[in-house]
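Asker: Quick one: structure below, then a few questions.
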Amino acid sequence: MSKPQDKETRYYIDLDLRSGRILLWDYDQREVLVQEKPTEPFRHRIYISKGQYNKLVKKHFEVNYGGAN
């Protein structure tokens, strides 16, 4: 089931500050994200725009699946 995307949607990337690696990228509703507490002290969340998120997803698809439009 797909999550809703509307004016309350926030897009983000979670980083591991120790290794410099991306742990996850995703989106969710603002009120859900406000309630979340980081479980590890080395985890840092960066919020990005919908356009940046879409570019990331597109590039991931191209690199991993060879999907060119």
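Residue numbering restarts at 1 for every chain of the structure tokens, chains are lettered A, B, ... in their displayed order, and ligands are numbered from 1 as they appear.
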If you count only C-alpha atoms, which residues fall within 7 Å of region 24-31 of chain A, apart from same-chain ones fewer than 6 positions away, as JSON, numbers by chain?

Answerer: {"A": [8, 9, 10, 11, 12, 13, 14]}

Asker: Since we have the selection now, will you write its residues out, keeping C-alpha atoms, as a short mmCIF file (atom, residue, chain, number, x, y, z; two decimals), in the first residue's frame?

Answerer:
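Output (again.cif):
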```
data_model
loop_
_atom_site.label_atom_id
_atom_site.label_comp_id
_atom_site.auth_asym_id
_atom_site.auth_seq_id
_atom_site.Cartn_x
_atom_site.Cartn_y
_atom_site.Cartn_z
CA GLU A 8 2.25 17.44 4.72
CA THR A 9 4.66 14.91 3.17
CA ARG A 10 8.33 15.23 4.11
CA TYR A 11 11.16 13.52 2.20
CA TYR A 12 14.40 12.55 3.94
CA ILE A 13 17.71 10.72 3.88
CA ASP A 14 19.06 8.99 7.01
#
```

Asker: What lies within 12 Å of Glu40 (chain A) using only C-alpha atoms, ignoring chain neighbours under 3 positions off, as a list in words?

Answerer: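 Near Glu40 (chain A), the qualifying residues are Asp14, Leu15, Asp16, Leu17, Arg18, Leu23, Lys37, Arg43, His44 and Arg45 of chain A.
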
Asker: DSSP on the backbone: which residues in chain A end up as helix (DSSP H, G or I)? Give the answer as a PDB file with C-alpha atoms, in the first residue's frame.

Answerer:
```
ATOM      1  CA  ARG A  30       5.071  15.326   8.960  1.00  0.00           C
ATOM      2  CA  GLU A  31       3.098  14.346  12.059  1.00  0.00           C
ATOM      3  CA  VAL A  32       4.478  10.785  11.918  1.00  0.00           C
ATOM      4  CA  LEU A  33       8.083  11.965  11.531  1.00  0.00           C
ATOM      5  CA  VAL A  34       7.827  14.425  14.438  1.00  0.00           C
ATOM      6  CA  GLN A  35       6.953  11.546  16.775  1.00  0.00           C
ATOM      7  CA  LYS A  50      10.329  16.304  -3.395  1.00  0.00           C
ATOM      8  CA  GLY A  51      12.357  17.080  -6.531  1.00  0.00           C
ATOM      9  CA  GLN A  52      15.616  15.982  -4.898  1.00  0.00           C
ATOM     10  CA  TYR A  53      13.926  12.818  -3.638  1.00  0.00           C
ATOM     11  CA  ASN A  54      12.580  12.002  -7.107  1.00  0.00           C
ATOM     12  CA  LYS A  55      16.035  12.514  -8.662  1.00  0.00           C
ATOM     13  CA  LEU A  56      17.531  10.153  -6.071  1.00  0.00           C
ATOM     14  CA  VAL A  57      14.939   7.462  -6.772  1.00  0.00           C
ATOM     15  CA  LYS A  58      15.395   7.863 -10.539  1.00  0.00           C
ATOM     16  CA  LYS A  59      19.195   7.610 -10.311  1.00  0.00           C
ATOM     17  CA  HIS A  60      18.930   4.571  -8.022  1.00  0.00           C
ATOM     18  CA  PHE A  61      16.680   2.877 -10.577  1.00  0.00           C
ATOM     19  CA  GLU A  62      19.052   3.706 -13.455  1.00  0.00           C
ATOM     20  CA  VAL A  63      22.143   2.441 -11.636  1.00  0.00           C
ATOM     21  CA  ASN A  64      20.585  -0.741 -10.263  1.00  0.00           C
ATOM     22  CA  TYR A  65      18.204  -1.739 -13.038  1.00  0.00           C
TER      23      TYR A  65
END
```

Asker: Distance CA of Phe42 (chain A)-CA of Ser2 (chain A), one decimal place?

Answerer: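 That distance, rounded to one decimal, is 29.1 Å.
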
Asker: What are the DSSP strand (DSSP E or B) residues of region 3-53 of chain A, as a list of chain:residue names?

Answerer: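 Those in region 3-53 of chain A that DSSP calls strand (DSSP E or B) are A:Thr9, A:Arg10, A:Tyr11, A:Tyr12, A:Ile13, A:Asp14, A:Leu15, A:Asp16, A:Arg21, A:Ile22, A:Leu23, A:Leu24, A:Trp25, A:Asp26, A:Tyr27, A:Asp28, A:Gln29, A:Arg43, A:His44, A:Arg45, A:Ile46, A:Tyr47, A:Ile48.
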
Asker: Hey, can you spit out that residue selection with N, CA and C atoms as a JSON list (two decimals), in the first residue's frame?

Answerer:
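New file part36.json:
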```
[["chain", "number", "residue", "atom", "x", "y", "z"],
["A", 9, "THR", "N", 3.64, 15.93, 3.39],
["A", 9, "THR", "CA", 4.66, 14.91, 3.17],
["A", 9, "THR", "C", 6.04, 15.52, 3.29],
["A", 10, "ARG", "N", 6.94, 14.82, 3.97],
["A", 10, "ARG", "CA", 8.33, 15.23, 4.11],
["A", 10, "ARG", "C", 9.23, 14.10, 3.59],
["A", 11, "TYR", "N", 10.22, 14.47, 2.81],
["A", 11, "TYR", "CA", 11.16, 13.52, 2.20],
["A", 11, "TYR", "C", 12.48, 13.64, 2.94],
["A", 12, "TYR", "N", 13.18, 12.50, 3.13],
["A", 12, "TYR", "CA", 14.40, 12.55, 3.94],
["A", 12, "TYR", "C", 15.39, 11.47, 3.55],
["A", 13, "ILE", "N", 16.63, 11.70, 3.99],
["A", 13, "ILE", "CA", 17.71, 10.72, 3.88],
["A", 13, "ILE", "C", 18.26, 10.54, 5.28],
["A", 14, "ASP", "N", 18.43, 9.28, 5.72],
["A", 14, "ASP", "CA", 19.06, 8.99, 7.01],
["A", 14, "ASP", "C", 20.50, 8.57, 6.74],
["A", 15, "LEU", "N", 21.42, 9.23, 7.45],
["A", 15, "LEU", "CA", 22.85, 8.97, 7.28],
["A", 15, "LEU", "C", 23.45, 8.33, 8.52],
["A", 16, "ASP", "N", 24.46, 7.49, 8.31],
["A", 16, "ASP", "CA", 25.28, 6.95, 9.39],
["A", 16, "ASP", "C", 26.50, 7.85, 9.48],
["A", 21, "ARG", "N", 27.69, 6.56, 5.29],
["A", 21, "ARG", "CA", 26.80, 5.85, 4.37],
["A", 21, "ARG", "C", 25.35, 6.26, 4.56],
["A", 22, "ILE", "N", 24.61, 6.12, 3.47],
["A", 22, "ILE", "CA", 23.17, 6.34, 3.53],
["A", 22, "ILE", "C", 22.54, 5.08, 4.12],
["A", 23, "LEU", "N", 21.75, 5.25, 5.15],
["A", 23, "LEU", "CA", 21.05, 4.13, 5.76],
["A", 23, "LEU", "C", 19.71, 3.88, 5.07],
["A", 24, "LEU", "N", 19.03, 4.97, 4.69],
["A", 24, "LEU", "CA", 17.67, 4.86, 4.18],
["A", 24, "LEU", "C", 17.28, 6.18, 3.55],
["A", 25, "TRP", "N", 16.46, 6.12, 2.54],
["A", 25, "TRP", "CA", 15.76, 7.33, 2.09],
["A", 25, "TRP", "C", 14.31, 6.95, 1.94],
["A", 26, "ASP", "N", 13.44, 7.88, 2.30],
["A", 26, "ASP", "CA", 12.02, 7.57, 2.32],
["A", 26, "ASP", "C", 11.24, 8.87, 2.48],
["A", 27, "TYR", "N", 9.96, 8.75, 2.69],
["A", 27, "TYR", "CA", 9.09, 9.89, 2.96],
["A", 27, "TYR", "C", 7.96, 9.42, 3.86],
["A", 28, "ASP", "N", 7.36, 10.39, 4.54],
["A", 28, "ASP", "CA", 6.21, 10.10, 5.38],
["A", 28, "ASP", "C", 5.53, 11.42, 5.73],
["A", 29, "GLN", "N", 4.43, 11.32, 6.40],
["A", 29, "GLN", "CA", 3.69, 12.50, 6.82],
["A", 29, "GLN", "C", 4.42, 13.19, 7.97],
["A", 43, "ARG", "N", 23.03, 8.31, 13.97],
["A", 43, "ARG", "CA", 22.09, 8.43, 12.86],
["A", 43, "ARG", "C", 21.62, 9.88, 12.75],
["A", 44, "HIS", "N", 21.69, 10.42, 11.53],
["A", 44, "HIS", "CA", 21.29, 11.81, 11.31],
["A", 44, "HIS", "C", 20.34, 11.88, 10.12],
["A", 45, "ARG", "N", 19.27, 12.63, 10.25],
["A", 45, "ARG", "CA", 18.26, 12.75, 9.19],
["A", 45, "ARG", "C", 18.39, 14.11, 8.53],
["A", 46, "ILE", "N", 18.42, 14.08, 7.20],
["A", 46, "ILE", "CA", 18.43, 15.30, 6.40],
["A", 46, "ILE", "C", 17.16, 15.33, 5.59],
["A", 47, "TYR", "N", 16.42, 16.42, 5.68],
["A", 47, "TYR", "CA", 15.19, 16.57, 4.91],
["A", 47, "TYR", "C", 15.53, 17.18, 3.56],
["A", 48, "ILE", "N", 14.90, 16.66, 2.52],
["A", 48, "ILE", "CA", 15.15, 17.11, 1.15],
["A", 48, "ILE", "C", 13.82, 17.44, 0.48]]
```
